[in-house]
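S.K.: The following file, data.txt, comprises compact mmCIF, C-alpha atoms:
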```txt
# COMPACT_ATOMS: atom_id res chain seq x y z
CA MET R 1 0.00 0.00 0.00
CA GLU R 2 1.29 3.47 -0.90
CA ASP R 3 2.07 6.01 1.83
CA GLN R 4 -0.52 8.42 0.43
CA ASP R 5 -3.25 5.78 0.78
CA ILE R 6 -2.20 5.03 4.34
CA LEU R 7 -2.25 8.73 5.23
CA ALA R 8 -5.67 9.25 3.62
CA LYS R 9 -7.04 6.27 5.53
CA PHE R 10 -5.48 7.49 8.75
CA ALA R 11 -7.32 10.81 8.39
CA ASP R 12 -10.62 8.92 8.58
CA PRO R 13 -11.30 8.18 12.30
CA ALA R 14 -13.22 5.01 11.44
CA ALA R 15 -10.25 3.56 9.50
CA ARG R 16 -7.46 5.01 11.61
CA ASN R 17 -6.47 1.82 13.44
CA VAL R 18 -6.44 -0.25 10.27
CA ALA R 19 -4.31 2.35 8.48
CA PHE R 20 -1.85 2.53 11.33
CA ASN R 21 -1.58 -1.23 11.51
CA GLN R 22 -0.68 -1.24 7.81
CA LEU R 23 1.89 1.48 8.37
CA VAL R 24 3.54 -0.51 11.18
CA ARG R 25 3.63 -3.67 9.07
CA LYS R 26 5.17 -1.76 6.18
CA TYR R 27 8.02 -0.13 8.12
CA GLN R 28 8.58 -2.24 11.23
CA THR R 29 11.43 -4.36 9.81
CA LYS R 30 13.41 -1.39 8.49
CA VAL R 31 12.89 0.61 11.67
CA TYR R 32 13.77 -2.33 13.90
CA TRP R 33 17.05 -3.05 12.06
CA HIS R 34 17.98 0.61 11.88
CA ILE R 35 17.64 0.77 15.67
CA ARG R 36 19.11 -2.65 16.33
CA LYS R 37 22.34 -1.79 14.50
CA MET R 38 22.70 1.24 16.73
CA VAL R 39 21.84 -0.30 20.13
CA VAL R 40 22.87 -3.92 19.32
CA ASP R 41 20.67 -5.48 22.03
CA HIS R 42 17.34 -6.97 20.83
CA ASP R 43 15.35 -5.96 23.94
CA ASP R 44 16.51 -2.36 23.70
CA ALA R 45 15.71 -2.35 19.98
CA ASP R 46 12.25 -3.78 20.70
CA ASP R 47 11.47 -1.07 23.28
CA LEU R 48 12.72 1.70 21.03
CA THR R 49 10.89 0.40 17.96
CA GLN R 50 7.63 0.46 19.91
CA ASP R 51 8.38 3.95 21.22
CA VAL R 52 9.06 5.16 17.68
CA PHE R 53 5.71 3.91 16.39
CA VAL R 54 3.86 5.35 19.40
CA LYS R 55 5.41 8.72 18.51
CA VAL R 56 4.46 8.24 14.87
CA TRP R 57 0.85 7.60 15.98
CA LYS R 58 0.81 10.76 18.12
CA HIS R 59 2.25 13.06 15.47
CA LEU R 60 1.05 11.56 12.22
CA GLU R 61 -1.91 13.94 12.08
CA SER R 62 0.47 16.90 12.07
CA PHE R 63 2.83 15.30 9.52
CA ARG R 64 3.17 17.93 6.79
CA GLN R 65 4.33 15.72 3.93
CA ASP R 66 7.15 18.07 2.94
CA ALA R 67 9.34 15.00 3.54
CA SER R 68 8.43 11.43 2.66
CA LEU R 69 6.79 9.33 5.35
CA TYR R 70 9.73 6.92 5.13
CA THR R 71 12.38 9.55 5.94
CA TRP R 72 10.14 11.12 8.60
CA ILE R 73 9.84 7.79 10.44
CA TYR R 74 13.58 7.21 10.06
CA ARG R 75 14.20 10.62 11.53
CA ILE R 76 12.12 9.80 14.61
CA ALA R 77 13.91 6.46 14.95
CA THR R 78 17.30 8.14 14.62
CA ASN R 79 16.50 10.69 17.31
CA GLU R 80 15.23 7.95 19.62
CA CYS R 81 18.47 5.98 19.16
CA LEU R 82 20.73 8.96 19.79
CA SER R 83 18.72 10.00 22.86
CA PHE R 84 18.80 6.44 24.18
CA LEU R 85 22.57 6.14 23.82
CA ALA R 86 23.14 9.59 25.33
CA SER R 87 20.88 8.83 28.31
CA LYS R 88 22.59 5.45 28.77
CA ARG R 89 25.89 7.26 29.21
CA ARG R 90 24.36 9.83 31.57
CA LYS R 91 22.42 7.27 33.57
CA PHE R 92 25.33 5.02 34.39
CA PHE R 93 27.94 7.78 34.49
CA LEU R 94 29.95 5.79 32.01
CA PRO R 95 32.62 7.36 29.82
CA LEU R 96 32.28 6.91 26.05
CA ASN R 97 34.53 3.85 25.87
CA ASP R 98 32.60 1.92 28.50
CA VAL R 99 29.31 2.07 26.60
CA GLY R 100 31.28 1.07 23.50
CA ALA R 101 32.80 -1.82 25.45
CA GLU R 102 29.34 -2.91 26.61
CA LEU R 103 28.05 -2.92 23.04
CA ALA R 104 31.21 -4.71 21.84
CA ALA R 105 30.63 -7.44 24.45
CA LYS R 106 27.11 -7.92 23.08
CA ILE R 107 28.50 -8.12 19.54
CA GLU R 108 30.96 -10.81 20.63
CA ALA R 109 28.14 -12.79 22.20
CA ASP R 110 26.03 -12.59 19.04
CA PRO R 111 25.66 -16.13 17.67
CA SER R 112 25.40 -15.01 14.05
CA LEU R 113 28.96 -13.68 14.16
CA ALA R 114 30.51 -16.80 15.70
CA GLY R 115 33.27 -18.12 13.46
CA ASP R 116 33.29 -15.12 11.15
CA ASP R 117 36.35 -13.29 12.36
CA ILE R 118 36.42 -10.57 9.69
CA GLU R 119 32.73 -9.74 10.19
CA LEU R 120 33.20 -9.66 13.95
CA ARG R 121 36.11 -7.24 13.58
CA LEU R 122 34.07 -5.14 11.17
CA GLN R 123 31.22 -4.85 13.68
CA LYS R 124 33.62 -3.95 16.49
CA ALA R 125 35.27 -1.36 14.25
CA ILE R 126 31.89 0.20 13.49
CA LEU R 127 31.22 0.45 17.23
CA LYS R 128 34.41 2.50 17.61
CA LEU R 129 32.82 5.32 15.61
CA PRO R 130 31.04 8.19 17.38
CA ASP R 131 27.25 7.63 17.47
CA LYS R 132 26.36 10.13 14.76
CA GLN R 133 29.07 8.93 12.40
CA ARG R 134 28.03 5.34 13.05
CA LEU R 135 24.50 6.31 12.15
CA VAL R 136 25.65 7.87 8.86
CA PHE R 137 27.74 4.81 8.10
CA ASN R 138 24.82 2.42 8.76
CA LEU R 139 22.38 4.41 6.64
CA ARG R 140 24.78 4.44 3.68
CA TYR R 141 26.54 1.09 3.96
CA TYR R 142 23.69 -1.19 5.11
CA ASP R 143 20.51 0.61 4.07
CA GLU R 144 22.08 2.07 0.90
CA MET R 145 20.09 5.22 1.45
CA PRO R 146 20.74 8.04 -1.06
CA TYR R 147 22.60 11.01 0.42
CA GLU R 148 19.63 13.30 -0.23
CA GLN R 149 17.38 11.13 1.92
CA MET R 150 20.10 10.84 4.55
CA ALA R 151 20.20 14.63 4.64
CA GLU R 152 16.45 14.68 5.39
CA VAL R 153 16.83 12.07 8.13
CA THR R 154 19.82 13.63 9.85
CA GLY R 155 19.24 17.31 9.09
CA THR R 156 22.82 17.54 7.75
CA SER R 157 24.06 18.70 4.35
CA VAL R 158 24.86 16.16 1.62
CA GLY R 159 28.49 17.33 1.49
CA ALA R 160 28.96 16.84 5.23
CA LEU R 161 27.39 13.39 5.03
CA LYS R 162 29.70 12.31 2.19
CA ALA R 163 32.73 13.49 4.12
CA SER R 164 31.48 11.75 7.29
CA TYR R 165 30.94 8.45 5.47
CA HIS R 166 34.34 8.65 3.76
CA HIS R 167 36.12 9.24 7.09
CA ALA R 168 34.13 6.47 8.75
CA ALA R 169 35.09 3.96 6.06
CA LYS R 170 38.77 4.92 6.37
CA LYS R 171 38.70 4.58 10.15
CA ILE R 172 37.09 1.16 9.90
CA GLU R 173 39.63 -0.11 7.37
CA GLN R 174 42.47 1.25 9.47
CA TYR R 175 41.15 -0.39 12.66
CA ILE R 176 40.68 -3.79 11.00
CA ASN R 177 44.12 -3.71 9.36
CA GLU R 178 45.76 -2.78 12.67
CA GLN R 179 43.99 -5.66 14.40
CA ALA R 180 45.05 -8.22 11.76
CA MET G 1 51.92 -10.70 3.08
CA LYS G 2 48.27 -10.31 4.00
CA THR G 3 45.97 -8.34 1.68
CA PRO G 4 44.78 -5.21 3.47
CA PHE G 5 41.09 -5.12 4.29
CA ARG G 6 39.01 -2.95 1.96
CA LEU G 7 35.40 -2.20 2.85
CA ASP G 8 34.13 -2.11 -0.73
CA GLU G 9 35.55 -5.59 -1.37
CA HIS G 10 33.99 -7.11 1.75
CA PRO G 11 30.71 -9.02 1.16
CA ARG G 12 28.02 -6.95 2.81
CA ARG G 13 25.54 -8.56 5.21
CA PRO G 14 22.28 -6.58 5.13
CA GLN G 15 21.53 -7.60 8.72
CA PRO G 16 24.80 -8.27 10.49
CA LEU G 17 23.36 -9.33 13.88
CA ALA G 18 21.30 -12.33 14.99
CA PRO G 19 17.68 -12.11 13.86
CA PRO G 20 14.96 -11.35 16.46
CA PRO G 21 12.96 -14.27 17.95
CA ASP G 22 10.65 -16.21 15.64
CA GLY G 23 7.32 -14.50 15.04
CA TYR G 24 8.57 -11.20 16.44
CA PHE G 25 7.37 -9.14 13.47
CA ASP G 26 3.96 -10.87 13.60
CA ARG G 27 3.47 -9.88 17.25
CA LEU G 28 4.96 -6.39 17.09
CA PRO G 29 2.01 -4.62 15.37
CA MET G 30 -0.38 -5.99 18.03
CA GLN G 31 1.89 -4.80 20.86
CA ILE G 32 2.12 -1.34 19.32
CA MET G 33 -1.64 -1.15 18.74
CA LYS G 34 -2.22 -2.02 22.40
CA ARG G 35 -0.11 0.97 23.40
CA VAL G 36 -1.80 3.47 21.10
CA GLU G 37 -5.45 2.44 21.45
CA PRO G 38 -7.44 4.75 23.75
CA GLY G 39 -8.19 3.39 27.21
CA SER G 40 -5.10 1.21 27.28
CA ALA G 41 -3.19 0.84 30.52
CA ALA G 42 -0.46 3.06 29.18
CA SER G 43 -2.83 5.97 28.65
CA SER G 44 -3.86 5.95 32.32
CA TRP G 45 -0.34 7.25 33.07
CA ALA G 46 -0.60 9.96 30.45
CA GLY G 47 -0.89 12.59 33.17
CA LEU G 48 2.59 11.68 34.41
CA ARG G 49 4.23 11.47 30.98
CA TRP G 50 5.85 14.85 31.52
CA LEU G 51 8.00 13.19 34.17
CA SER G 52 9.69 11.02 31.56
CA ALA G 53 10.58 14.12 29.57
CA LEU G 54 12.69 15.42 32.48
CA SER G 55 16.32 14.50 32.76
CA ALA G 56 17.44 12.05 35.44
CA PRO G 57 19.04 14.68 37.76
CA VAL G 58 15.89 16.84 37.60
CA ARG G 59 13.68 13.83 38.42
CA THR G 60 15.94 12.95 41.36
CA ALA G 61 15.82 16.54 42.63
CA LEU G 62 12.03 16.57 42.25
CA ALA G 63 11.65 13.33 44.21
CA ALA G 64 13.95 14.65 46.96
CA GLY G 65 11.90 17.86 47.09
CA VAL G 66 8.65 15.92 47.52
CA VAL G 67 10.10 13.84 50.37
CA LEU G 68 11.54 16.94 52.05
CA SER G 69 8.21 18.77 51.72
CA GLY G 70 6.53 15.81 53.42
CA PHE G 71 8.89 16.04 56.40
CA VAL G 72 8.54 19.82 56.69
CA GLY G 73 4.75 19.57 56.39
CA SER G 74 4.42 16.93 59.09
CA PHE G 75 6.77 18.92 61.36
CA LEU G 76 4.75 22.12 60.94
CA LEU G 77 1.47 20.31 61.60
CA SER G 78 2.72 18.77 64.82
CA GLU G 79 4.14 22.18 65.85
CA ASN G 80 0.71 23.78 65.30
CA SER G 81 -1.13 21.32 67.52
CA SER G 82 1.21 21.84 70.49
CA THR G 83 1.05 25.61 69.95
CA THR G 84 -2.75 25.45 70.10
CA THR G 85 -2.62 23.63 73.43
CA THR G 86 -0.19 26.22 74.82
CA HIS G 87 -2.37 29.10 73.66
CA LEU G 88 -5.49 27.57 75.23
CA ALA G 89 -3.72 27.15 78.54
CA ALA G 90 -2.86 30.86 78.51
CA VAL G 91 -6.51 31.98 78.32
CA PRO G 92 -7.73 33.23 81.71
CA ARG G 93 -10.35 31.05 83.37
CA THR G 94 -12.89 33.87 83.61
CA GLU G 95 -12.68 34.52 79.88
CA MET G 96 -13.19 30.87 79.16
CA VAL G 97 -16.30 30.76 81.37
CA GLU G 98 -17.68 33.90 79.74
CA TYR G 99 -17.07 32.37 76.34
CA LEU G 100 -18.81 29.16 77.29
CA LEU G 101 -21.80 31.00 78.74
CA ALA G 102 -22.04 33.26 75.72
CA SER G 103 -21.99 30.40 73.22
CA GLU G 104 -25.19 29.24 71.60
CA GLN G 105 -25.28 25.97 73.46
CA PRO G 106 -25.93 26.86 77.10
CA VAL G 107 -24.07 25.00 79.76
CA THR G 108 -26.36 22.54 81.50
CA LEU G 109 -26.22 21.43 85.07
CA THR G 110 -25.04 18.06 83.92
CA ASP G 111 -22.01 19.66 82.25
CA LEU G 112 -20.91 21.23 85.51
CA ALA G 113 -21.80 18.32 87.76
CA GLU G 114 -19.26 17.56 90.43
CA LEU G 115 -20.28 15.31 93.19
CA PRO G 116 -19.39 17.08 96.47
CA VAL G 117 -19.71 13.79 98.27
CA THR G 118 -16.33 12.71 96.98
CA GLU G 119 -14.65 15.74 98.53
CA GLN G 120 -16.15 15.25 102.02
CA ALA G 121 -14.40 13.24 104.61
CA LEU G 122 -16.24 10.14 105.58
CA PRO G 123 -17.16 9.84 109.27
CA GLU G 124 -14.84 7.62 111.24
CA THR G 125 -17.67 5.62 112.77
CA PRO G 126 -20.56 4.19 110.82
CA LEU G 127 -23.82 6.11 111.07
CA GLN G 128 -26.24 4.48 113.45
CA VAL G 129 -29.49 5.39 111.76
CA SER G 130 -32.57 3.46 110.87
CA PRO G 131 -33.81 3.26 107.30
CA ASP G 132 -36.79 5.48 108.15
CA GLU G 133 -34.56 8.25 109.54
CA LEU G 134 -32.33 8.05 106.50
CA GLN G 135 -35.28 8.31 104.15
CA GLU G 136 -36.60 11.32 106.08
CA VAL G 137 -33.24 13.17 105.75
CA LEU G 138 -33.00 12.42 102.05
CA ASP G 139 -36.52 13.63 101.41
CA THR G 140 -35.77 17.02 102.97
CA GLN G 141 -32.73 17.60 100.62
CA PRO G 142 -33.44 19.61 97.46
CA VAL G 143 -32.32 17.38 94.59
CA GLU G 144 -30.76 20.14 92.44
CA ASP G 145 -28.48 21.39 95.24
CA ILE G 146 -26.58 18.16 95.19
CA TYR G 147 -25.28 18.98 91.76
CA LEU G 148 -24.36 22.56 92.49
```
Could you write out this file's structure as structure tokens?

M.R.:
Amino acid sequence: MEDQDILAKFADPAARNVAFNQLVRKYQTKVYWHIRKMVVDHDDADDLTQDVFVKVWKHLESFRQDASLYTWIYRIATNECLSFLASKRRKFFLPLNDVGAELAAKIEADPSLAGDDIELRLQKAILKLPDKQRLVFNLRYYDEMPYEQMAEVTGTSVGALKASYHHAAKKIEQYINEQA
Amino acid sequence: MKTPFRLDEHPRRPQPLAPPPDGYFDRLPMQIMKRVEPGSAASSWAGLRWLSALSAPVRTALAAGVVLSGFVGSFLLSENSSTTTTHLAAVPRTEMVEYLLASEQPVTLTDLAELPVTEQALPETPLQVSPDELQEVLDTQPVEDIYL
């Protein structure tokens, strides 16, 4: 179902729940994985995914359609992730490296990476990036999102995003080669 | 010599981590709908949602303030009750009597009853009187005087 049809249906109070259910089914997988790659842990990703869609429900009526629904939802998800990671650091009074170490420990325990040394090192290298740069890297490398859409999601210029991705890729290659 | 790692030559995994539990994406829409439907348990806490928007230090300070206010409040209340007792004790007896007599509910004889018998010393030897003599003495006493 097209976004426009979902939005039109959502505007009708009698069909609102059905429309929203369709919206969740359409975007839940992308939103979940976008969040999961940032927070690593499934339970955290589950909580945040639900929070994102609750926010979408609350604000969908005021959605102005000057951006696509897809990038608008991604933007909410991105903000939720960054807030979550920032509050995690504040809450436990942990310095930057300790949260990174906690996420790295979860990566090492992930069964899908067992036996794949290069992939494990790649994931640990990605975790070394600052949160916002990691976000840019994930959007480009995994989701293959065009830079123009990334600019809508992050509120950053295309040029800055290209530079950020380029630096992130170089850092990752350098880290993996140093570890080899 | 090992070939250096190059990101663009590395096979990309679209989802690099372990997948969520089986059926997760079938259950997720239902869980979200439960949270957004009106009358759900979550909406009963809507009045306190603003608390979650505060930062952790502000929430802690707010909680401490509430506890402190409770202590101060209970202290002031207990202080007031003892002050009231002290103030009442300072009112002269005559003023209190005037106040009581002037109030809408008049003081009855029963209110002021004090049995004078209790204040009198009992005779050392038992009274040697017959029941008829006793009855005669009692009959001559005005009943109301006993209570005044």

S.K.: Between G:Val36, G:Val91, G:Val58, G:Leu77, single out the one closest to Gln50 of chain R, counting all atoms listed in the file.

M.R.: G:Val36

S.K.: What does the structure give for the distance between atom CA of Val99 of chain R and atom CA of Asp43 of chain R, in Å to one decimal?

M.R.: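 Atom CA of Asp43 of chain R lies at a distance of 16.3 Å from atom CA of Val99 of chain R.
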
S.K.: Would you give me, as a Markdown table, each residue of chain R having an atom within 10 Å of an atom of chain G, along with its shortest atom pair and that distance in Å to one decimal, using only C-alpha atoms and sorting by chain and residue number?

M.R.:
```
| residue | atom | partner | partner_atom | distance |
| --- | --- | --- | --- | --- |
| R:Asn17 | CA | G:Met33 | CA | 7.8 |
| R:Val18 | CA | G:Met33 | CA | 9.8 |
| R:Phe20 | CA | G:Met33 | CA | 8.3 |
| R:Asn21 | CA | G:Pro29 | CA | 6.3 |
| R:Gln22 | CA | G:Pro29 | CA | 8.7 |
| R:Leu23 | CA | G:Pro29 | CA | 9.3 |
| R:Val24 | CA | G:Pro29 | CA | 6.1 |
| R:Arg25 | CA | G:Pro29 | CA | 6.6 |
| R:Gln28 | CA | G:Phe25 | CA | 7.4 |
| R:Thr29 | CA | G:Phe25 | CA | 7.3 |
| R:Tyr32 | CA | G:Phe25 | CA | 9.4 |
| R:Trp33 | CA | G:Gln15 | CA | 7.2 |
| R:His34 | CA | G:Gln15 | CA | 9.5 |
| R:Arg36 | CA | G:Leu17 | CA | 8.3 |
| R:Lys37 | CA | G:Leu17 | CA | 7.6 |
| R:Val40 | CA | G:Leu17 | CA | 7.7 |
| R:Asp41 | CA | G:Leu17 | CA | 9.4 |
| R:His42 | CA | G:Pro20 | CA | 6.6 |
| R:Asp43 | CA | G:Pro20 | CA | 9.2 |
| R:Ala45 | CA | G:Pro20 | CA | 9.7 |
| R:Asp46 | CA | G:Leu28 | CA | 8.5 |
| R:Thr49 | CA | G:Ile32 | CA | 9.0 |
| R:Gln50 | CA | G:Ile32 | CA | 5.8 |
| R:Asp51 | CA | G:Ile32 | CA | 8.4 |
| R:Val52 | CA | G:Ile32 | CA | 9.6 |
| R:Phe53 | CA | G:Ile32 | CA | 7.0 |
| R:Val54 | CA | G:Val36 | CA | 6.2 |
| R:Lys55 | CA | G:Val36 | CA | 9.3 |
| R:Trp57 | CA | G:Val36 | CA | 7.1 |
| R:Lys58 | CA | G:Val36 | CA | 8.3 |
| R:Ser87 | CA | G:Ser55 | CA | 8.5 |
| R:Arg90 | CA | G:Ala56 | CA | 8.2 |
| R:Lys91 | CA | G:Ala56 | CA | 7.2 |
| R:Ile107 | CA | G:Leu17 | CA | 7.7 |
| R:Ala109 | CA | G:Ala18 | CA | 9.9 |
| R:Asp110 | CA | G:Ala18 | CA | 6.2 |
| R:Pro111 | CA | G:Ala18 | CA | 6.4 |
| R:Ser112 | CA | G:Ala18 | CA | 5.0 |
| R:Leu113 | CA | G:Leu17 | CA | 7.1 |
| R:Ile118 | CA | G:Phe5 | CA | 9.0 |
| R:Glu119 | CA | G:Pro16 | CA | 8.1 |
| R:Leu120 | CA | G:Pro16 | CA | 9.2 |
| R:Leu122 | CA | G:Leu7 | CA | 8.9 |
| R:Gln123 | CA | G:Pro16 | CA | 7.9 |
| R:Tyr141 | CA | G:Arg12 | CA | 8.3 |
| R:Tyr142 | CA | G:Pro14 | CA | 5.6 |
| R:Asp143 | CA | G:Pro14 | CA | 7.5 |
| R:Glu144 | CA | G:Pro14 | CA | 9.6 |
| R:Ala169 | CA | G:Leu7 | CA | 7.0 |
| R:Lys170 | CA | G:Leu7 | CA | 8.6 |
| R:Ile172 | CA | G:Leu7 | CA | 8.0 |
| R:Glu173 | CA | G:Phe5 | CA | 6.1 |
| R:Gln174 | CA | G:Phe5 | CA | 8.3 |
| R:Tyr175 | CA | G:Phe5 | CA | 9.6 |
| R:Ile176 | CA | G:Phe5 | CA | 6.9 |
| R:Asn177 | CA | G:Phe5 | CA | 6.1 |
| R:Glu178 | CA | G:Pro4 | CA | 9.6 |
| R:Ala180 | CA | G:Lys2 | CA | 8.7 |
```

S.K.: I need the chosen residues saved as a PDB file, keeping the file's coordinate frame, with C-alpha atoms.

M.R.:
```pdb
ATOM      1  CA  ASN R  17      -6.470   1.820  13.440  1.00  0.00           C
ATOM      2  CA  VAL R  18      -6.440  -0.250  10.270  1.00  0.00           C
ATOM      3  CA  PHE R  20      -1.850   2.530  11.330  1.00  0.00           C
ATOM      4  CA  ASN R  21      -1.580  -1.230  11.510  1.00  0.00           C
ATOM      5  CA  GLN R  22      -0.680  -1.240   7.810  1.00  0.00           C
ATOM      6  CA  LEU R  23       1.890   1.480   8.370  1.00  0.00           C
ATOM      7  CA  VAL R  24       3.540  -0.510  11.180  1.00  0.00           C
ATOM      8  CA  ARG R  25       3.630  -3.670   9.070  1.00  0.00           C
ATOM      9  CA  GLN R  28       8.580  -2.240  11.230  1.00  0.00           C
ATOM     10  CA  THR R  29      11.430  -4.360   9.810  1.00  0.00           C
ATOM     11  CA  TYR R  32      13.770  -2.330  13.900  1.00  0.00           C
ATOM     12  CA  TRP R  33      17.050  -3.050  12.060  1.00  0.00           C
ATOM     13  CA  HIS R  34      17.980   0.610  11.880  1.00  0.00           C
ATOM     14  CA  ARG R  36      19.110  -2.650  16.330  1.00  0.00           C
ATOM     15  CA  LYS R  37      22.340  -1.790  14.500  1.00  0.00           C
ATOM     16  CA  VAL R  40      22.870  -3.920  19.320  1.00  0.00           C
ATOM     17  CA  ASP R  41      20.670  -5.480  22.030  1.00  0.00           C
ATOM     18  CA  HIS R  42      17.340  -6.970  20.830  1.00  0.00           C
ATOM     19  CA  ASP R  43      15.350  -5.960  23.940  1.00  0.00           C
ATOM     20  CA  ALA R  45      15.710  -2.350  19.980  1.00  0.00           C
ATOM     21  CA  ASP R  46      12.250  -3.780  20.700  1.00  0.00           C
ATOM     22  CA  THR R  49      10.890   0.400  17.960  1.00  0.00           C
ATOM     23  CA  GLN R  50       7.630   0.460  19.910  1.00  0.00           C
ATOM     24  CA  ASP R  51       8.380   3.950  21.220  1.00  0.00           C
ATOM     25  CA  VAL R  52       9.060   5.160  17.680  1.00  0.00           C
ATOM     26  CA  PHE R  53       5.710   3.910  16.390  1.00  0.00           C
ATOM     27  CA  VAL R  54       3.860   5.350  19.400  1.00  0.00           C
ATOM     28  CA  LYS R  55       5.410   8.720  18.510  1.00  0.00           C
ATOM     29  CA  TRP R  57       0.850   7.600  15.980  1.00  0.00           C
ATOM     30  CA  LYS R  58       0.810  10.760  18.120  1.00  0.00           C
ATOM     31  CA  SER R  87      20.880   8.830  28.310  1.00  0.00           C
ATOM     32  CA  ARG R  90      24.360   9.830  31.570  1.00  0.00           C
ATOM     33  CA  LYS R  91      22.420   7.270  33.570  1.00  0.00           C
ATOM     34  CA  ILE R 107      28.500  -8.120  19.540  1.00  0.00           C
ATOM     35  CA  ALA R 109      28.140 -12.790  22.200  1.00  0.00           C
ATOM     36  CA  ASP R 110      26.030 -12.590  19.040  1.00  0.00           C
ATOM     37  CA  PRO R 111      25.660 -16.130  17.670  1.00  0.00           C
ATOM     38  CA  SER R 112      25.400 -15.010  14.050  1.00  0.00           C
ATOM     39  CA  LEU R 113      28.960 -13.680  14.160  1.00  0.00           C
ATOM     40  CA  ILE R 118      36.420 -10.570   9.690  1.00  0.00           C
ATOM     41  CA  GLU R 119      32.730  -9.740  10.190  1.00  0.00           C
ATOM     42  CA  LEU R 120      33.200  -9.660  13.950  1.00  0.00           C
ATOM     43  CA  LEU R 122      34.070  -5.140  11.170  1.00  0.00           C
ATOM     44  CA  GLN R 123      31.220  -4.850  13.680  1.00  0.00           C
ATOM     45  CA  TYR R 141      26.540   1.090   3.960  1.00  0.00           C
ATOM     46  CA  TYR R 142      23.690  -1.190   5.110  1.00  0.00           C
ATOM     47  CA  ASP R 143      20.510   0.610   4.070  1.00  0.00           C
ATOM     48  CA  GLU R 144      22.080   2.070   0.900  1.00  0.00           C
ATOM     49  CA  ALA R 169      35.090   3.960   6.060  1.00  0.00           C
ATOM     50  CA  LYS R 170      38.770   4.920   6.370  1.00  0.00           C
ATOM     51  CA  ILE R 172      37.090   1.160   9.900  1.00  0.00           C
ATOM     52  CA  GLU R 173      39.630  -0.110   7.370  1.00  0.00           C
ATOM     53  CA  GLN R 174      42.470   1.250   9.470  1.00  0.00           C
ATOM     54  CA  TYR R 175      41.150  -0.390  12.660  1.00  0.00           C
ATOM     55  CA  ILE R 176      40.680  -3.790  11.000  1.00  0.00           C
ATOM     56  CA  ASN R 177      44.120  -3.710   9.360  1.00  0.00           C
ATOM     57  CA  GLU R 178      45.760  -2.780  12.670  1.00  0.00           C
ATOM     58  CA  ALA R 180      45.050  -8.220  11.760  1.00  0.00           C
TER      59      ALA R 180
END
```

S.K.: Report, in Å to a single decimal, how far apart atom CA of Glu152 of chain R and atom CA of Arg75 of chain R are.

M.R.: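 Interatomic distance here is 7.7 Å.
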
S.K.: Between atom CA of Lys34 of chain G and atom CA of Phe10 of chain R, what is the spacing in Å?

M.R.: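 Spanning atom CA of Phe10 of chain R to atom CA of Lys34 of chain G is a straight-line distance of 17.0 Å.
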
S.K.: Counting only C-alpha atoms, which of R:Ile126, R:Leu60, R:Met38, R:Ala105 gets nearest to Phe84 of chain R?

M.R.: R:Met38
